[in-house]
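Student: So here's structure_25.pdb (PDB, C-alpha atoms and all ligand atoms).
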```
ATOM      1  CA  MET A   1      -2.171  67.509  67.286
ATOM      2  CA  LYS A   2      -2.437  64.059  68.798
ATOM      3  CA  ARG A   3      -5.730  65.043  70.406
ATOM      4  CA  LEU A   4      -7.028  66.373  67.108
ATOM      5  CA  LEU A   5      -6.168  63.092  65.433
ATOM      6  CA  THR A   6      -7.911  61.053  68.112
ATOM      7  CA  LEU A   7     -10.945  63.302  67.849
ATOM      8  CA  SER A   8     -11.100  62.985  64.098
ATOM      9  CA  MET A   9     -10.706  59.209  64.360
ATOM     10  CA  VAL A  10     -13.631  59.035  66.781
ATOM     11  CA  ALA A  11     -15.677  61.269  64.458
ATOM     12  CA  CYS A  12     -14.880  58.983  61.535
ATOM     13  CA  LEU A  13     -15.845  55.926  63.513
ATOM     14  CA  VAL A  14     -19.159  57.468  64.619
ATOM     15  CA  THR A  15     -20.132  58.658  61.131
ATOM     16  CA  GLY A  16     -18.995  55.294  59.821
ATOM     17  CA  ILE A  17     -21.329  53.483  62.183
ATOM     18  CA  LEU A  18     -24.193  55.942  61.568
ATOM     19  CA  THR A  19     -23.959  55.887  57.778
ATOM     20  CA  GLY A  20     -23.083  52.244  57.613
ATOM     21  CA  CYS A  21     -19.998  53.079  55.578
ATOM     22  CA  GLN A  22     -17.000  50.917  56.171
ATOM     23  CA  GLY A  23     -13.341  51.212  55.443
ATOM     24  CA  LYS A  24     -12.616  50.633  51.728
ATOM     25  CA  GLU A  25     -10.925  47.345  52.417
ATOM     26  CA  ASN A  26     -14.174  46.105  53.944
ATOM     27  CA  ILE A  27     -16.517  46.985  51.116
ATOM     28  CA  PRO A  28     -18.181  43.944  49.558
ATOM     29  CA  LYS A  29     -16.512  42.320  46.584
ATOM     30  CA  VAL A  30     -18.573  41.105  43.666
ATOM     31  CA  SER A  31     -16.502  39.118  41.194
ATOM     32  CA  VAL A  32     -17.823  38.408  37.733
ATOM     33  CA  ALA A  33     -16.433  35.700  35.462
ATOM     34  CA  GLN A  34     -17.310  35.136  31.821
ATOM     35  CA  ILE A  35     -16.142  32.161  29.735
ATOM     36  CA  VAL A  36     -15.615  34.132  26.530
ATOM     37  CA  GLU A  37     -16.429  37.489  24.980
ATOM     38  CA  HIS A  38     -19.343  37.510  22.567
ATOM     39  CA  LYS A  39     -22.128  39.981  21.953
ATOM     40  CA  SER A  40     -24.780  38.312  24.079
ATOM     41  CA  LEU A  41     -22.593  37.638  27.130
ATOM     42  CA  ASN A  42     -21.209  41.189  26.907
ATOM     43  CA  GLU A  43     -24.758  42.532  26.819
ATOM     44  CA  ILE A  44     -25.570  40.531  29.965
ATOM     45  CA  ARG A  45     -22.391  41.720  31.727
ATOM     46  CA  ASP A  46     -23.025  45.364  30.841
ATOM     47  CA  SER A  47     -26.703  45.386  31.783
ATOM     48  CA  PHE A  48     -25.811  43.653  35.077
ATOM     49  CA  HIS A  49     -23.233  46.366  35.799
ATOM     50  CA  GLU A  50     -25.623  49.191  34.849
ATOM     51  CA  GLU A  51     -28.401  47.792  37.008
ATOM     52  CA  MET A  52     -26.047  47.498  40.008
ATOM     53  CA  LYS A  53     -25.397  51.236  39.595
ATOM     54  CA  VAL A  54     -29.146  51.882  39.473
ATOM     55  CA  LEU A  55     -29.431  49.903  42.725
ATOM     56  CA  GLY A  56     -26.998  52.333  44.360
ATOM     57  CA  TYR A  57     -23.691  50.497  44.107
ATOM     58  CA  LYS A  58     -20.751  52.720  43.270
ATOM     59  CA  ASP A  59     -17.571  50.983  42.171
ATOM     60  CA  GLY A  60     -14.726  51.661  44.617
ATOM     61  CA  GLU A  61     -17.050  53.428  47.075
ATOM     62  CA  ASN A  62     -19.509  50.922  48.454
ATOM     63  CA  ILE A  63     -18.682  47.949  46.235
ATOM     64  CA  GLN A  64     -15.667  46.469  44.551
ATOM     65  CA  PHE A  65     -16.254  44.842  41.170
ATOM     66  CA  ASP A  66     -13.880  42.551  39.387
ATOM     67  CA  PHE A  67     -14.799  41.550  35.805
ATOM     68  CA  LYS A  68     -12.771  38.780  34.182
ATOM     69  CA  ASP A  69     -12.989  37.004  30.823
ATOM     70  CA  ALA A  70     -11.440  33.547  30.325
ATOM     71  CA  GLY A  71     -10.977  33.749  26.527
ATOM     72  CA  ASN A  72     -12.758  30.372  26.203
ATOM     73  CA  GLN A  73      -9.913  28.611  28.083
ATOM     74  CA  ARG A  74     -11.049  26.323  30.911
ATOM     75  CA  ASN A  75      -7.660  26.591  32.671
ATOM     76  CA  THR A  76      -7.826  30.363  32.655
ATOM     77  CA  LEU A  77     -11.381  30.161  33.949
ATOM     78  CA  ASN A  78     -10.295  27.979  36.880
ATOM     79  CA  SER A  79      -7.468  30.293  37.839
ATOM     80  CA  ILE A  80      -9.774  33.328  37.657
ATOM     81  CA  LEU A  81     -12.169  31.596  40.042
ATOM     82  CA  SER A  82      -9.445  30.590  42.439
ATOM     83  CA  THR A  83      -8.318  34.239  42.552
ATOM     84  CA  PHE A  84     -11.895  35.190  43.382
ATOM     85  CA  GLU A  85     -11.800  32.767  46.295
ATOM     86  CA  GLY A  86      -8.354  33.986  47.359
ATOM     87  CA  ASN A  87      -9.456  37.611  47.534
ATOM     88  CA  GLN A  88     -12.503  36.647  49.585
ATOM     89  CA  SER A  89     -15.175  37.679  47.136
ATOM     90  CA  ASP A  90     -18.605  38.006  48.732
ATOM     91  CA  VAL A  91     -20.502  36.867  45.629
ATOM     92  CA  ILE A  92     -19.356  35.209  42.410
ATOM     93  CA  VAL A  93     -21.370  36.004  39.289
ATOM     94  CA  ALA A  94     -20.861  33.333  36.629
ATOM     95  CA  ILE A  95     -21.947  34.240  33.113
ATOM     96  CA  ALA A  96     -22.883  31.210  30.940
ATOM     97  CA  THR A  97     -22.931  27.483  31.693
ATOM     98  CA  PRO A  98     -19.213  26.590  31.488
ATOM     99  CA  THR A  99     -18.457  29.437  33.913
ATOM    100  CA  ALA A 100     -21.205  28.357  36.300
ATOM    101  CA  ILE A 101     -20.051  24.731  36.314
ATOM    102  CA  ALA A 102     -16.511  25.849  37.201
ATOM    103  CA  ALA A 103     -17.774  28.333  39.825
ATOM    104  CA  ALA A 104     -19.866  25.640  41.510
ATOM    105  CA  ASN A 105     -16.587  24.249  42.943
ATOM    106  CA  TYR A 106     -16.391  27.323  45.150
ATOM    107  CA  SER A 107     -20.024  27.565  46.240
ATOM    108  CA  GLU A 108     -19.405  25.975  49.608
ATOM    109  CA  ASN A 109     -17.714  29.193  50.741
ATOM    110  CA  ILE A 110     -19.021  31.832  48.352
ATOM    111  CA  PRO A 111     -22.567  32.258  47.004
ATOM    112  CA  VAL A 112     -22.704  31.819  43.230
ATOM    113  CA  VAL A 113     -25.204  33.676  41.053
ATOM    114  CA  PHE A 114     -25.207  32.278  37.524
ATOM    115  CA  SER A 115     -26.414  34.223  34.546
ATOM    116  CA  ALA A 116     -27.896  32.836  31.295
ATOM    117  CA  VAL A 117     -27.508  29.145  32.068
ATOM    118  CA  SER A 118     -29.784  27.448  29.557
ATOM    119  CA  ASP A 119     -30.477  24.332  31.590
ATOM    120  CA  PRO A 120     -29.345  24.547  35.237
ATOM    121  CA  ILE A 121     -30.690  21.089  36.124
ATOM    122  CA  GLN A 122     -29.400  19.159  33.106
ATOM    123  CA  SER A 123     -25.991  20.771  33.549
ATOM    124  CA  GLY A 124     -25.898  19.536  37.150
ATOM    125  CA  LEU A 125     -25.791  22.916  38.873
ATOM    126  CA  ILE A 126     -28.932  22.679  40.920
ATOM    127  CA  ASP A 127     -31.632  20.121  41.760
ATOM    128  CA  ASP A 128     -34.548  22.353  42.607
ATOM    129  CA  LEU A 129     -35.138  25.647  40.804
ATOM    130  CA  THR A 130     -37.538  26.996  43.429
ATOM    131  CA  HIS A 131     -35.425  26.121  46.476
ATOM    132  CA  PRO A 132     -31.766  26.322  45.502
ATOM    133  CA  ASP A 133     -29.907  23.964  47.793
ATOM    134  CA  LYS A 134     -26.213  24.410  46.979
ATOM    135  CA  ASN A 135     -25.589  28.097  47.622
ATOM    136  CA  ILE A 136     -26.125  28.574  43.877
ATOM    137  CA  THR A 137     -28.975  30.442  42.188
ATOM    138  CA  GLY A 138     -29.357  32.650  39.132
ATOM    139  CA  THR A 139     -31.066  33.349  35.835
ATOM    140  CA  SER A 140     -31.748  30.926  33.008
ATOM    141  CA  ASP A 141     -32.323  31.513  29.305
ATOM    142  CA  GLU A 142     -34.311  28.405  28.530
ATOM    143  CA  ILE A 143     -33.970  28.077  24.770
ATOM    144  CA  GLN A 144     -37.279  27.418  23.062
ATOM    145  CA  VAL A 145     -35.897  24.902  20.581
ATOM    146  CA  ASP A 146     -39.425  23.828  19.545
ATOM    147  CA  GLN A 147     -40.425  27.357  18.642
ATOM    148  CA  ILE A 148     -37.221  27.998  16.699
ATOM    149  CA  LEU A 149     -37.536  24.783  14.698
ATOM    150  CA  SER A 150     -41.286  25.354  14.175
ATOM    151  CA  LEU A 151     -40.413  28.742  12.707
ATOM    152  CA  ALA A 152     -37.974  27.016  10.363
ATOM    153  CA  LEU A 153     -40.721  24.589   9.289
ATOM    154  CA  GLU A 154     -43.206  27.403   8.808
ATOM    155  CA  ILE A 155     -40.750  29.220   6.548
ATOM    156  CA  ASP A 156     -39.795  26.068   4.635
ATOM    157  CA  PRO A 157     -42.449  23.334   4.953
ATOM    158  CA  ASN A 158     -40.312  21.140   2.668
ATOM    159  CA  MET A 159     -37.374  21.162   5.053
ATOM    160  CA  LYS A 160     -36.253  17.586   5.754
ATOM    161  CA  LYS A 161     -32.683  17.712   7.083
ATOM    162  CA  ILE A 162     -31.439  20.012   9.816
ATOM    163  CA  GLY A 163     -27.804  20.355  10.785
ATOM    164  CA  PHE A 164     -26.982  20.967  14.449
ATOM    165  CA  ILE A 165     -23.633  22.647  15.093
ATOM    166  CA  TYR A 166     -22.135  22.870  18.581
ATOM    167  CA  ASN A 167     -19.214  22.436  20.939
ATOM    168  CA  SER A 168     -19.688  19.012  22.537
ATOM    169  CA  GLY A 169     -17.871  20.320  25.645
ATOM    170  CA  GLU A 170     -20.694  22.773  26.433
ATOM    171  CA  ALA A 171     -23.406  21.257  28.622
ATOM    172  CA  ASN A 172     -25.835  23.996  27.529
ATOM    173  CA  SER A 173     -25.574  22.869  23.905
ATOM    174  CA  VAL A 174     -25.859  19.199  24.758
ATOM    175  CA  ALA A 175     -29.133  19.979  26.598
ATOM    176  CA  ASN A 176     -30.447  21.732  23.479
ATOM    177  CA  LEU A 177     -29.316  18.863  21.260
ATOM    178  CA  TYR A 178     -31.679  16.526  23.162
ATOM    179  CA  LYS A 179     -34.535  18.961  22.612
ATOM    180  CA  ALA A 180     -33.756  19.274  18.901
ATOM    181  CA  LYS A 181     -33.599  15.474  18.551
ATOM    182  CA  ALA A 182     -37.023  15.127  20.180
ATOM    183  CA  PHE A 183     -38.517  17.784  17.886
ATOM    184  CA  CYS A 184     -37.095  16.141  14.759
ATOM    185  CA  LYS A 185     -38.369  12.736  15.778
ATOM    186  CA  GLU A 186     -41.847  14.110  16.311
ATOM    187  CA  HIS A 187     -41.865  15.932  12.961
ATOM    188  CA  ASN A 188     -40.181  13.253  10.869
ATOM    189  CA  LEU A 189     -37.096  15.323  10.224
ATOM    190  CA  THR A 190     -33.516  14.148  10.114
ATOM    191  CA  LEU A 191     -31.109  15.824  12.512
ATOM    192  CA  ILE A 192     -27.457  15.701  11.533
ATOM    193  CA  GLU A 193     -25.167  16.769  14.333
ATOM    194  CA  ALA A 194     -21.677  18.119  13.897
ATOM    195  CA  SER A 195     -19.449  19.235  16.711
ATOM    196  CA  GLY A 196     -16.013  20.515  17.500
ATOM    197  CA  THR A 197     -14.324  21.771  20.613
ATOM    198  CA  ASN A 198     -12.779  24.859  19.072
ATOM    199  CA  ILE A 199     -13.505  27.274  16.251
ATOM    200  CA  SER A 200     -11.416  25.586  13.541
ATOM    201  CA  GLU A 201     -12.991  22.183  14.237
ATOM    202  CA  ILE A 202     -16.413  23.800  14.178
ATOM    203  CA  GLN A 203     -15.599  25.545  10.893
ATOM    204  CA  SER A 204     -14.763  22.208   9.220
ATOM    205  CA  ALA A 205     -17.826  20.585  10.784
ATOM    206  CA  ILE A 206     -20.020  23.288   9.241
ATOM    207  CA  SER A 207     -18.590  22.761   5.758
ATOM    208  CA  VAL A 208     -19.536  19.097   5.951
ATOM    209  CA  LEU A 209     -23.054  20.000   7.135
ATOM    210  CA  LEU A 210     -23.571  22.470   4.316
ATOM    211  CA  ASN A 211     -23.532  19.668   1.738
ATOM    212  CA  GLN A 212     -26.116  17.623   3.600
ATOM    213  CA  CYS A 213     -28.758  19.928   5.057
ATOM    214  CA  ASP A 214     -31.678  22.174   4.134
ATOM    215  CA  ALA A 215     -31.045  24.364   7.183
ATOM    216  CA  ILE A 216     -28.671  24.631  10.125
ATOM    217  CA  PHE A 217     -29.494  25.216  13.778
ATOM    218  CA  ALA A 218     -26.764  26.842  15.883
ATOM    219  CA  PRO A 219     -28.040  26.807  19.492
ATOM    220  CA  ASN A 220     -26.769  29.043  22.301
ATOM    221  CA  ASP A 221     -23.267  27.739  22.155
ATOM    222  CA  ASN A 222     -20.585  30.081  23.463
ATOM    223  CA  THR A 223     -17.833  28.782  21.204
ATOM    224  CA  VAL A 224     -19.983  29.016  18.077
ATOM    225  CA  ALA A 225     -21.352  32.440  19.080
ATOM    226  CA  SER A 226     -17.884  33.877  19.658
ATOM    227  CA  SER A 227     -17.050  33.502  15.921
ATOM    228  CA  ILE A 228     -20.475  33.314  14.372
ATOM    229  CA  SER A 229     -19.999  36.085  11.777
ATOM    230  CA  ALA A 230     -17.182  34.141  10.130
ATOM    231  CA  LEU A 231     -18.923  30.785  10.537
ATOM    232  CA  VAL A 232     -22.212  31.878   9.022
ATOM    233  CA  GLU A 233     -20.670  33.419   5.902
ATOM    234  CA  SER A 234     -20.201  30.116   4.077
ATOM    235  CA  ALA A 235     -23.806  29.072   4.835
ATOM    236  CA  ASN A 236     -25.206  32.369   3.549
ATOM    237  CA  LYS A 237     -23.148  31.992   0.374
ATOM    238  CA  LYS A 238     -24.605  28.533  -0.171
ATOM    239  CA  LYS A 239     -28.091  29.891   0.596
ATOM    240  CA  ILE A 240     -28.596  27.595   3.590
ATOM    241  CA  PRO A 241     -30.489  29.423   6.359
ATOM    242  CA  VAL A 242     -28.870  29.319   9.793
ATOM    243  CA  TYR A 243     -31.342  29.446  12.680
ATOM    244  CA  ALA A 244     -29.725  30.582  15.913
ATOM    245  CA  GLY A 245     -30.342  30.406  19.649
ATOM    246  CA  ALA A 246     -30.065  34.144  20.335
ATOM    247  CA  ASP A 247     -30.792  37.573  18.850
ATOM    248  CA  SER A 248     -27.084  38.520  18.995
ATOM    249  CA  MET A 249     -26.284  35.725  16.549
ATOM    250  CA  VAL A 250     -28.987  36.986  14.196
ATOM    251  CA  SER A 251     -27.491  40.448  14.287
ATOM    252  CA  ASP A 252     -24.161  38.761  13.469
ATOM    253  CA  GLY A 253     -25.553  37.291  10.235
ATOM    254  CA  CYS A 254     -27.647  34.230  11.136
ATOM    255  CA  PHE A 255     -31.077  34.167   9.537
ATOM    256  CA  ALA A 256     -33.559  33.985  12.429
ATOM    257  CA  THR A 257     -34.406  32.998  15.992
ATOM    258  CA  VAL A 258     -37.176  33.109  18.552
ATOM    259  CA  GLY A 259     -35.691  34.452  21.751
ATOM    260  CA  ILE A 260     -35.582  36.550  24.883
ATOM    261  CA  ASN A 261     -34.233  39.971  25.787
ATOM    262  CA  TYR A 262     -30.841  39.437  27.454
ATOM    263  CA  THR A 263     -30.662  42.958  28.862
ATOM    264  CA  GLU A 264     -33.599  42.056  31.123
ATOM    265  CA  LEU A 265     -31.831  38.865  32.185
ATOM    266  CA  GLY A 266     -28.694  40.833  33.115
ATOM    267  CA  LYS A 267     -30.771  43.229  35.206
ATOM    268  CA  GLU A 268     -32.445  40.397  37.093
ATOM    269  CA  THR A 269     -29.017  38.904  37.838
ATOM    270  CA  ALA A 270     -28.127  42.232  39.503
ATOM    271  CA  HIS A 271     -31.268  42.119  41.654
ATOM    272  CA  MET A 272     -30.311  38.664  42.917
ATOM    273  CA  VAL A 273     -26.805  39.836  43.840
ATOM    274  CA  ASP A 274     -28.323  42.862  45.600
ATOM    275  CA  GLN A 275     -30.564  40.591  47.697
ATOM    276  CA  ILE A 276     -27.625  38.408  48.716
ATOM    277  CA  LEU A 277     -25.536  41.459  49.692
ATOM    278  CA  LYS A 278     -28.471  42.572  51.835
ATOM    279  CA  GLY A 279     -28.383  39.266  53.703
ATOM    280  CA  LYS A 280     -31.018  37.134  51.993
ATOM    281  CA  ASN A 281     -30.343  33.401  51.936
ATOM    282  CA  VAL A 282     -29.561  31.959  48.525
ATOM    283  CA  SER A 283     -32.068  29.176  49.232
ATOM    284  CA  ASP A 284     -34.803  31.836  49.394
ATOM    285  CA  ILE A 285     -33.975  33.194  45.936
ATOM    286  CA  PRO A 286     -35.500  30.927  43.265
ATOM    287  CA  VAL A 287     -33.884  30.599  39.845
ATOM    288  CA  LYS A 288     -35.595  32.906  37.370
ATOM    289  CA  VAL A 289     -36.233  31.299  34.012
ATOM    290  CA  PHE A 290     -36.623  33.660  31.053
ATOM    291  CA  LYS A 291     -38.821  31.980  28.464
ATOM    292  CA  ASP A 292     -41.748  34.332  27.905
ATOM    293  CA  ASP A 293     -42.178  37.592  25.991
ATOM    294  CA  LEU A 294     -40.261  36.142  23.110
ATOM    295  CA  ASN A 295     -39.574  37.965  19.871
ATOM    296  CA  ILE A 296     -38.978  36.531  16.432
ATOM    297  CA  TYR A 297     -35.722  38.078  15.206
ATOM    298  CA  ILE A 298     -34.990  38.046  11.471
ATOM    299  CA  ASN A 299     -31.907  39.460   9.796
ATOM    300  CA  GLU A 300     -33.148  41.447   6.805
ATOM    301  CA  ASP A 301     -29.861  41.378   4.892
ATOM    302  CA  THR A 302     -29.563  37.631   5.296
ATOM    303  CA  LEU A 303     -33.201  37.270   4.234
ATOM    304  CA  ASP A 304     -32.350  39.102   0.985
ATOM    305  CA  ARG A 305     -29.180  37.108   0.437
ATOM    306  CA  LEU A 306     -30.993  33.814   0.923
ATOM    307  CA  GLY A 307     -33.841  34.969  -1.311
ATOM    308  CA  ILE A 308     -36.410  33.674   1.154
ATOM    309  CA  GLN A 309     -40.028  34.819   0.977
ATOM    310  CA  LEU A 310     -41.511  35.100   4.477
ATOM    311  CA  PRO A 311     -44.992  33.572   4.915
ATOM    312  CA  LYS A 312     -47.702  36.264   5.035
ATOM    313  CA  ASN A 313     -48.945  35.614   8.556
ATOM    314  CA  LEU A 314     -45.387  35.902   9.899
ATOM    315  CA  ASN A 315     -45.138  39.410   8.481
ATOM    316  CA  GLN A 316     -48.285  40.353  10.340
ATOM    317  CA  GLN A 317     -47.127  39.127  13.753
ATOM    318  CA  GLU A 318     -46.453  41.904  16.243
ATOM    319  CA  ASN A 319     -43.425  40.327  17.864
ATOM    320  CA  VAL A 320     -41.359  40.162  14.683
ATOM    321  CA  VAL A 321     -38.194  42.238  14.939
ATOM    322  CA  MET A 322     -36.360  42.848  11.662
ATOM    323  CA  ILE A 323     -32.654  43.369  12.282
ATOM    324  CA  LYS A 324     -30.989  45.471   9.575
ATOM    325  CA  LYS A 325     -27.254  45.068   9.213
TER
HETATM  326  N1  LIG B   1     -27.159  30.162  27.470
HETATM  327  C1  LIG B   1     -25.747  30.054  27.238
HETATM  328  C2  LIG B   1     -25.169  29.089  28.245
HETATM  329  O1  LIG B   1     -25.868  28.460  28.967
HETATM  330  C3  LIG B   1     -25.089  31.412  27.376
HETATM  331  C4  LIG B   1     -25.563  32.386  26.349
HETATM  332  C5  LIG B   1     -26.348  33.479  26.563
HETATM  333  C6  LIG B   1     -25.274  32.342  24.964
HETATM  334  N2  LIG B   1     -26.594  34.127  25.410
HETATM  335  C7  LIG B   1     -25.965  33.474  24.405
HETATM  336  C8  LIG B   1     -24.536  31.501  24.154
HETATM  337  C9  LIG B   1     -25.909  33.717  23.046
HETATM  338  C10 LIG B   1     -24.486  31.775  22.793
HETATM  339  C11 LIG B   1     -25.174  32.867  22.244
HETATM  340  O2  LIG B   1     -23.983  28.916  28.320
END
```
For the structure just supplied, provide its representation as structure tokens.
Tutor:
Amino acid sequence: MKRLLTLSMVACLVTGILTGCQGKENIPKVSVAQIVEHKSLNEIRDSFHEEMKVLGYKDGENIQFDFKDAGNQRNTLNSILSTFEGNQSDVIVAIATPTAIAAANYSENIPVVFSAVSDPIQSGLIDDLTHPDKNITGTSDEIQVDQILSLALEIDPNMKKIGFIYNSGEANSVANLYKAKAFCKEHNLTLIEASGTNISEIQSAISVLLNQCDAIFAPNDNTVASSISALVESANKKKIPVYAGADSMVSDGCFATVGINYTELGKETAHMVDQILKGKNVSDIPVKVFKDDLNIYINEDTLDRLGIQLPKNLNQQENVVMIKK
């Protein structure tokens, strides 16, 4: 019996070495943190997970995934990340800017791959997109503020005042605020900003904006996006169009955006993690910025409710996606 056991242990060891399979406790750990649940971040998380499967990773067999959501609480986020460090994660995936900023505290020991960080330089994560220098790389959804606000002007050439609604604690939104300010200055528009750090503050900020603006711009702000269906209702009632930073917000009732496909961004995040697990240096994996192949997303129901007539040439553009809901 003892001999049989020894033999089988040797056999296991040999096949283990030959097939490269390790004991379960040694399989790589990929830990994914997300600041809050909303449609777009969930889409990124799910497409990342799916693409990892396509790349051959099987949960519990040759990889161990841990997905955690912080419910938009910075304290919870920090304790999630410290657990990831404690359990010796091999890679941390950080979805959205607030998550990435918190994860950067651990990058000395664990490579960090961020996902959907709108402005990695402005938010202080990285200095050089082509040669990441801090054990941090990832994917960026660079919001095309100019194109979104140009669309708004094309639809309403008489637009004069734009409201900008955001959480002032989100570096991603602050970066987009600067871009919106520059656009407004150039086009002689007035930008009225209103911020809050939680949903109820943002709700009151919106009500104030509604009495002052011709349109509202809600950029890719995680706090705003996480409750956008409720937030946008009052604007739609007052027939003020809300332009958004992402397609998910348009499907949740905002009027329109010009934006990227987040499923593709999630997939690319998986490819970066795969390269790191295969031994590639983070510094050899440039940040991938998603800013091309943009679609114009318009919510058809909201269009009807607002009673807006789309300009003819917009209707003829191939990249217009009408969202019905
Ligand atoms: N770009 C955002 C960030 O940097 C994250 C994000 C992705 C997002 N898709 C979104 C935020 C849609 C709001 C809505 O944090």
Student: Enter the distance from atom CA of Ile143 of chain A to atom CA of Cys254 of chain A, in Å, rounded to one decimal.
Tutor: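 According to the coordinates, atom CA of Ile143 of chain A and atom CA of Cys254 of chain A are separated by 16.2 Å.
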Student: Counting all atoms listed in the file, name the residues that have an atom within 10 Å of an atom of ligand LIG 1 (chain B); the answer should be given as a PyMOL selection string.
Tutor: chain A and resi 34-36+38-44+94-101+114-120+123+139-143+170-173+175-176+218-226+228+244-250+259-262+265
Student: Tell me which residues the PyMOL selection byres (((chain A and resi 191-208) around 10) and not hetatm) grabs here, as number ranges by chain.
Tutor: A: 72, 160-170, 177, 180-185, 188-190, 209-213, 216-217, 223-228, 230-232, 234-235
Student: With only C-alpha atoms as the basis for distance, which of A:Asp146, A:Glu233, A:Asp284, A:Asp252 is at the shortest distance from Leu129 of chain A?
Tutor: A:Asp284
Student: So which residues touch Ile323 of chain A within 6 Å, counting only C-alpha atoms, skipping near sequence neighbours fewer than 2 positions away, as a ChimeraX atom specification?
Tutor: /A:298-300
Student: So that I can check the surroundings of segment 45-51 of chain A, please list as an NGL selection string every protein, DNA and RNA residue that reaches within 7 Å of it, counting all atoms listed in the file and ignoring chain neighbours fewer than 3 positions away.
Tutor: :A and (41-42 or 54-55 or 263 or 266-267 or 269-270)
Student: Can you give me, as a PyMOL selection string, the residues this file yields under the PyMOL selection byres (((chain A and resi 151) around 12) and not hetatm)?
Tutor: chain A and resi 144-150+152-157+159+215+217+241-244+255-259+295-298+310-311+313-314+320
Student: Using only C-alpha atoms, which of A:Ser31, A:Asn158, A:Asn109, A:Asn236 sits nearest Gly307 of chain A?
Tutor: A:Asn236
Student: Quick one: distance from atom CA of Ser251 of chain A to atom CA of Glu37 of chain A in Å, one decimal?
Tutor: 15.7 Å
Student: Give the answer as one residue: which of A:Ala33, A:Met52, A:Asp214, A:His131 has the shortest atom-to-atom distance to Thr76 of chain A, using all atoms listed in the file?
Tutor: A:Ala33
Student: Residues within 7 Å of Val282 of chain A, please, as a list in words. Count only C-alpha atoms; anything in the same chain fewer than 2 positions from it doesn't count.
Tutor: Pro132, Asn135, Ile136, Thr137, Ile276, Lys280, Asp284 and Ile285 of chain A
Student: Do you have the atom CA of Arg305 of chain A-atom CA of His187 of chain A distance handy?
Tutor: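 Going from atom CA of Arg305 of chain A over to atom CA of His187 of chain A, I get 27.7 Å.
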Student: Draw an axis-aligned box over all listed atoms of segment 273-292 of chain A, pad each side with 4 Å, and write its centre and edge lengths in Å, one decimal, as AutoDock Vina command-line options.
Tutor:
```
--center_x -33.6 --center_y 36.0 --center_z 40.8 --size_x 24.2 --size_y 21.7 --size_z 33.8
```
Student: Quick one: residues within 12 Å of Tyr106 of chain A, all atoms listed in the file, excluding same-chain residues fewer than 5 positions away - as a list in words?
Tutor: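 So the residues in contact are Asn78, Ser79, Ile80, Leu81, Ser82, Thr83, Phe84, Glu85, Gly86, Gln88, Ser89, Asp90, Val91, Ile92, Val93, Ala94, Thr99, Ala100, Ile101, Pro111, Val112, Val113, Lys134, Asn135 and Ile136 of chain A.
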Student: So which one's closest to Thr302 of chain A, A:His271, A:Gly253, A:Ser283, A:Asn315? Using all atoms listed in the file, please.
Tutor: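 Among the listed residues, the smallest separation from Thr302 of chain A belongs to A:Gly253.
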Student: Show which residues sit within 7 Å of Asn62 of chain A, as a count of residues only. Count all atoms listed in the file, and ignore same-chain residues fewer than 4 positions away.
Tutor: 3
Student: Here is a test: counting all atoms listed in the file, which residue of A:Glu186, A:Pro286, A:Asn75, A:Asn87 is nearest to Thr130 of chain A?
Tutor: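 So, comparing all the options, the nearest one is A:Pro286.
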